[in-house]
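Colleague: What follows is coords-v3.txt; its format and atoms are compact mmCIF, C-alpha atoms.
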```
# COMPACT_ATOMS: atom_id res chain seq x y z
CA MET A 1 -26.13 -7.91 3.43
CA SER A 2 -23.98 -5.49 1.44
CA THR A 3 -24.47 -4.04 -2.03
CA VAL A 4 -21.03 -5.30 -3.12
CA GLN A 5 -21.29 -6.92 -6.54
CA LEU A 6 -18.76 -9.41 -7.82
CA ASN A 7 -17.60 -8.71 -11.36
CA TRP A 8 -18.32 -12.09 -13.03
CA CYS A 9 -17.11 -12.30 -16.62
CA LYS A 10 -16.74 -14.90 -19.32
CA PRO A 11 -13.51 -14.93 -21.31
CA SER A 12 -13.82 -13.07 -24.60
CA ARG A 13 -11.46 -15.52 -26.24
CA HIS A 14 -9.88 -18.85 -25.47
CA ALA A 15 -6.83 -17.97 -23.43
CA VAL A 16 -4.13 -19.96 -21.76
CA ILE A 17 -4.29 -20.01 -17.97
CA LYS A 18 -1.17 -18.45 -16.49
CA THR A 19 -0.11 -19.09 -12.92
CA TYR A 20 1.58 -16.50 -10.75
CA TYR A 21 2.96 -16.84 -7.25
CA CYS A 22 2.84 -14.38 -4.43
CA THR A 23 4.10 -14.35 -0.88
CA THR A 24 1.82 -12.77 1.71
CA PRO A 25 2.22 -12.06 5.41
CA VAL A 26 0.22 -15.23 6.22
CA GLY A 27 1.34 -17.65 3.53
CA PRO A 28 2.09 -18.20 -0.15
CA LEU A 29 -0.61 -17.95 -2.85
CA SER A 30 -0.91 -19.14 -6.40
CA ILE A 31 -2.97 -16.89 -8.63
CA HIS A 32 -4.39 -18.20 -11.90
CA MET A 33 -5.34 -15.81 -14.71
CA GLN A 34 -7.15 -16.50 -17.98
CA ALA A 35 -6.40 -13.48 -20.15
CA SER A 36 -7.31 -10.52 -17.87
CA LEU A 37 -9.72 -12.59 -15.75
CA LEU A 38 -8.81 -13.88 -12.36
CA SER A 39 -9.69 -17.59 -12.55
CA LYS A 40 -8.52 -18.93 -9.18
CA ILE A 41 -6.58 -18.12 -6.03
CA GLU A 42 -5.15 -20.92 -3.92
CA TRP A 43 -3.29 -20.97 -0.64
CA LEU A 44 -0.20 -23.13 -0.93
CA ASP A 45 0.38 -25.48 2.00
CA ASP A 46 3.59 -27.06 0.87
CA SER A 47 7.13 -26.10 1.70
CA ARG A 48 8.23 -24.80 -1.69
CA GLU A 49 9.30 -21.19 -1.74
CA PRO A 50 7.17 -19.30 -4.28
CA PHE A 51 8.53 -16.28 -6.07
CA ASP A 52 6.65 -13.04 -6.57
CA ASN A 53 5.58 -12.49 -10.16
CA THR A 54 2.02 -11.23 -9.56
CA PRO A 55 0.53 -8.90 -12.21
CA MET A 56 0.70 -5.27 -11.04
CA GLN A 57 -3.08 -4.75 -10.70
CA LEU A 58 -3.49 -7.83 -8.50
CA GLU A 59 -0.40 -6.92 -6.52
CA GLN A 60 -2.01 -3.53 -5.76
CA ILE A 61 -5.30 -5.19 -4.68
CA LEU A 62 -3.43 -7.54 -2.33
CA GLN A 63 -1.23 -4.77 -0.95
CA HIS A 64 -4.32 -2.68 -0.23
CA TYR A 65 -5.80 -5.61 1.66
CA TRP A 66 -2.65 -6.13 3.75
CA HIS A 67 -2.47 -2.42 4.62
CA HIS A 68 -6.17 -1.62 5.14
CA ALA A 69 -7.98 -4.99 5.46
CA MET A 70 -10.27 -3.90 2.62
CA ILE A 71 -10.63 -5.68 -0.72
CA ASP A 72 -11.44 -4.36 -4.20
CA TYR A 73 -14.29 -6.44 -5.64
CA SER A 74 -14.18 -4.82 -9.08
CA HIS A 75 -11.43 -6.95 -10.64
CA PRO A 76 -12.98 -9.21 -13.32
CA LEU A 77 -13.48 -12.78 -12.11
CA LEU A 78 -13.93 -15.81 -14.35
CA LYS A 79 -17.58 -16.76 -13.98
CA GLN A 80 -17.82 -20.16 -12.35
CA GLY A 81 -19.75 -22.19 -9.84
CA THR A 82 -23.43 -22.99 -9.64
CA ALA A 83 -26.10 -20.35 -9.17
CA PHE A 84 -26.32 -21.42 -5.52
CA GLN A 85 -22.55 -21.10 -5.00
CA GLN A 86 -22.56 -17.66 -6.61
CA LYS A 87 -25.40 -16.61 -4.29
CA VAL A 88 -23.40 -17.77 -1.26
CA TRP A 89 -20.19 -16.14 -2.51
CA GLN A 90 -22.04 -12.87 -3.08
CA ALA A 91 -23.42 -13.04 0.48
CA LEU A 92 -19.92 -13.62 1.87
CA CYS A 93 -18.87 -10.31 0.33
CA GLY A 94 -21.53 -8.61 2.44
CA ILE A 95 -19.90 -9.64 5.73
CA PRO A 96 -18.10 -6.49 6.90
CA THR A 97 -14.37 -6.52 7.50
CA GLY A 98 -13.60 -7.36 11.11
CA GLN A 99 -16.86 -9.26 11.60
CA THR A 100 -17.84 -12.91 11.28
CA ARG A 101 -21.03 -14.88 10.78
CA THR A 102 -21.65 -18.47 11.79
CA TYR A 103 -22.51 -21.06 9.19
CA GLY A 104 -25.94 -21.33 10.83
CA GLU A 105 -26.61 -17.57 10.79
CA LEU A 106 -25.65 -17.19 7.16
CA ALA A 107 -27.52 -20.37 6.16
CA GLN A 108 -30.67 -19.00 7.79
CA THR A 109 -30.27 -15.70 5.93
CA LEU A 110 -29.92 -17.59 2.64
CA ASN A 111 -32.66 -20.11 3.47
CA THR A 112 -30.35 -23.11 3.13
CA SER A 113 -28.58 -25.61 5.38
CA PRO A 114 -25.26 -24.92 7.14
CA ARG A 115 -23.75 -27.96 5.36
CA ALA A 116 -24.71 -26.66 1.90
CA LEU A 117 -23.32 -23.26 2.83
CA ALA A 118 -20.06 -24.83 4.08
CA ASN A 119 -19.72 -26.77 0.80
CA ALA A 120 -20.08 -23.53 -1.18
CA CYS A 121 -17.44 -21.92 1.05
CA ARG A 122 -15.12 -24.91 0.53
CA ASN A 123 -15.44 -24.45 -3.25
CA ASN A 124 -14.74 -20.70 -3.18
CA PRO A 125 -12.23 -20.12 -5.99
CA PHE A 126 -11.24 -16.65 -4.73
CA PRO A 127 -10.19 -16.63 -1.06
CA ILE A 128 -9.49 -13.13 0.25
CA ILE A 129 -11.51 -11.61 -2.65
CA ILE A 130 -14.57 -13.62 -1.53
CA PRO A 131 -14.02 -13.66 2.25
CA CYS A 132 -15.11 -17.17 3.24
CA HIS A 133 -12.68 -16.88 6.17
CA ARG A 134 -15.31 -14.68 7.87
CA VAL A 135 -17.65 -17.66 8.31
CA VAL A 136 -17.06 -19.59 11.55
CA SER A 137 -18.76 -22.40 13.43
CA LYS A 138 -20.86 -21.61 16.48
CA THR A 139 -18.31 -23.41 18.67
CA GLY A 140 -15.01 -22.25 17.15
CA ILE A 141 -13.20 -21.17 14.04
CA GLY A 142 -14.62 -23.91 11.76
CA GLY A 143 -12.82 -25.09 8.64
CA TYR A 144 -11.17 -23.26 5.78
CA ALA A 145 -10.81 -24.34 2.16
CA GLY A 146 -11.70 -27.91 3.10
CA HIS A 147 -9.17 -28.09 5.94
CA THR A 148 -10.00 -28.47 9.62
CA SER A 149 -6.42 -28.32 10.89
CA GLY A 150 -2.91 -27.50 9.79
CA PRO A 151 -1.36 -24.56 7.96
CA ILE A 152 -4.43 -23.66 5.89
CA LEU A 153 -6.60 -23.34 8.99
CA ALA A 154 -3.84 -21.24 10.58
CA ILE A 155 -4.19 -18.89 7.59
CA LYS A 156 -7.91 -18.42 8.35
CA TYR A 157 -7.06 -17.51 11.93
CA ALA A 158 -4.35 -15.08 10.76
CA LEU A 159 -6.75 -13.40 8.28
CA LEU A 160 -9.37 -12.92 11.00
CA GLN A 161 -6.74 -11.50 13.37
CA HIS A 162 -5.43 -9.19 10.63
CA GLU A 163 -8.89 -7.81 9.87
CA LYS A 164 -9.91 -7.30 13.50
CA MET A 165 -6.67 -5.60 14.42
CA LEU A 166 -6.79 -3.22 11.47
CA THR A 167 -10.47 -2.34 11.83
CA HIS A 168 -9.78 -1.13 15.37
CA GLU A 169 -7.13 1.24 13.99
CA LEU A 170 -9.34 2.72 11.25
```
Can I see the file as structure tokens?
Modeller:
Amino acid sequence: MSTVQLNWCKPSRHAVIKTYYCTTPVGPLSIHMQASLLSKIEWLDDSREPFDNTPMQLEQILQHYWHHAMIDYSHPLLKQGTAFQQKVWQALCGIPTGQTRTYGELAQTLNTSPRALANACRNNPFPIIIPCHRVVSKTGIGGYAGHTSGPILAIKYALLQHEKMLTHEL
């Protein structure tokens, strides 16, 4: 896998979690920050119309992704998850843009079961930053963020299409 390292941090002080909203080419996001730490990103699957109020640094990271299909892993992330989940999330960051791995392939690499790996993917608090959308089933696209159909799964498909189309242009 890659040498990408996630920037896990603990908050230096107790801070209120602020929520920001962002529209993207594939769907709306909510972005949760605790002080300067990114604490969670969530795809919104409801019909409300979010407004863009994303902090400038995160806006630049997302814009870079939409233009180049590359993500900046250096933004500080609120440390969370179990040691196993963090190991899986780190491995996901090693899947190159424009490529996928099956749950079985990645599970074998990490010496775990595909189901355990899928559960860690489902609990990924940072979609796009930690690219769990690059993990697919051996017979199809698989699930995404705990969904096996509907608008959230359509987002996974759109992200994979976005990355493959842009990597051919690079």
Colleague: Report, in Å with one decimal, the straight-line distance from CA of Leu110 (chain A) to CA of Ile129 (chain A).
Modeller: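 Separation of CA of Leu110 (chain A) and CA of Ile129 (chain A): 20.1 Å.
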Colleague: As an exercise, work out the distance from CA of Met165 (chain A) to CA of Phe126 (chain A) in Å and give it to one decimal place.
Modeller: 22.6 Å
Colleague: Within 9 Å of (-15.8, -7.7, 8.2), only C-alpha atoms: residues as a list of chain:residue names?
Modeller: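 Checking each residue against the 9 Å limit leaves A:Ala69, A:Met70, A:Cys93, A:Gly94, A:Ile95, A:Pro96, A:Thr97, A:Gly98, A:Gln99, A:Thr100, A:Pro131, A:Arg134, A:Leu160, A:Glu163, A:Lys164, A:Thr167.
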Colleague: Check the smallest atom-to-atom distance from each of A:Gly142, A:Pro55, A:Pro28, A:Pro125 to Ile41 (chain A) using all atoms listed in the file, then report the winner.
Modeller: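 Closest to Ile41 (chain A) of all the choices is A:Pro125.
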Colleague: Just checking: using all atoms listed in the file, which residue out of A:Ala83, A:Ile128, A:Leu37, A:Leu29 ends up closest to His64 (chain A)?
Modeller: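 Among A:Ala83, A:Ile128, A:Leu37, A:Leu29, it is A:Ile128 that comes nearest to His64 (chain A).
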Colleague: Would you mind listing what lies within 12 Å of Ile31 (chain A) as a PyMOL selection string, with all atoms listed in the file counted and same-chain residues fewer than 4 positions away left out?
Modeller: chain A and resi 17-23+37-44+50-55+58-59+62+77+125-129
Colleague: Nearest to Met33 (chain A) among A:Arg122, A:Lys87, A:Asp45, A:His75, with distances taken over only C-alpha atoms: which residue is it?
Modeller: A:His75
Colleague: For Pro25 (chain A), which residue out of A:Gln80, A:Asn119, A:Asn7, A:Gln63 is the nearest one, using only C-alpha atoms?
Modeller: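 Nearest to Pro25 (chain A): A:Gln63.
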Colleague: Give me, as a list of chain:residue names, all polymer residues having an atom no more than 9 Å from Gln85 (chain A), counting all atoms listed in the file and skipping those fewer than 6 positions away in the same chain.
Modeller: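 Once the adjacent positions are removed, what remains is A:Leu117, A:Asn119, A:Ala120, A:Cys121, A:Asn123, A:Asn124.
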Colleague: Which protein, DNA or RNA residues are at most 10 Å from (-29.9, -12.5, 4.4) in the file's coordinates when you count all atoms listed in the file, listed as an MDAnalysis selection string?
Modeller: chainID A and resid 1:2 91 94 105:111
Colleague: Tell me, in Å to one decimal, how far CA of Ala158 (chain A) is from CA of Pro76 (chain A).
Modeller: 26.2 Å
Colleague: Rank nothing, just name the residue among A:Ile71, A:Gln5, A:Thr102, A:Leu153 nearest to Lys138 (chain A), using all atoms listed in the file.
Modeller: A:Thr102
Colleague: Can you tell me, as an mmCIF file with C-alpha atoms, keeping the file's coordinate frame, what residues are no more than 10 Å from Tyr157 (chain A) when counting only C-alpha atoms, ignoring any on the same chain fewer than 2 positions away?
Modeller:
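As written to disk, part-v1.cif reads:
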```cif
data_model
loop_
_atom_site.group_PDB
_atom_site.id
_atom_site.type_symbol
_atom_site.label_atom_id
_atom_site.label_comp_id
_atom_site.auth_asym_id
_atom_site.auth_seq_id
_atom_site.Cartn_x
_atom_site.Cartn_y
_atom_site.Cartn_z
ATOM 1 C CA VAL A 26 0.220 -15.230 6.220
ATOM 2 C CA HIS A 133 -12.680 -16.880 6.170
ATOM 3 C CA ARG A 134 -15.310 -14.680 7.870
ATOM 4 C CA ILE A 141 -13.200 -21.170 14.040
ATOM 5 C CA GLY A 142 -14.620 -23.910 11.760
ATOM 6 C CA TYR A 144 -11.170 -23.260 5.780
ATOM 7 C CA PRO A 151 -1.360 -24.560 7.960
ATOM 8 C CA ILE A 152 -4.430 -23.660 5.890
ATOM 9 C CA LEU A 153 -6.600 -23.340 8.990
ATOM 10 C CA ALA A 154 -3.840 -21.240 10.580
ATOM 11 C CA ILE A 155 -4.190 -18.890 7.590
ATOM 12 C CA LEU A 159 -6.750 -13.400 8.280
ATOM 13 C CA LEU A 160 -9.370 -12.920 11.000
ATOM 14 C CA GLN A 161 -6.740 -11.500 13.370
ATOM 15 C CA HIS A 162 -5.430 -9.190 10.630
#
```
Colleague: For Val16 (chain A), which residue out of A:Leu92, A:Asp72, A:Ala35, A:Val4 is the nearest one, using all atoms listed in the file?
Modeller: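 Once distances to Val16 (chain A) are computed over all atoms listed in the file, the minimum belongs to A:Ala35.
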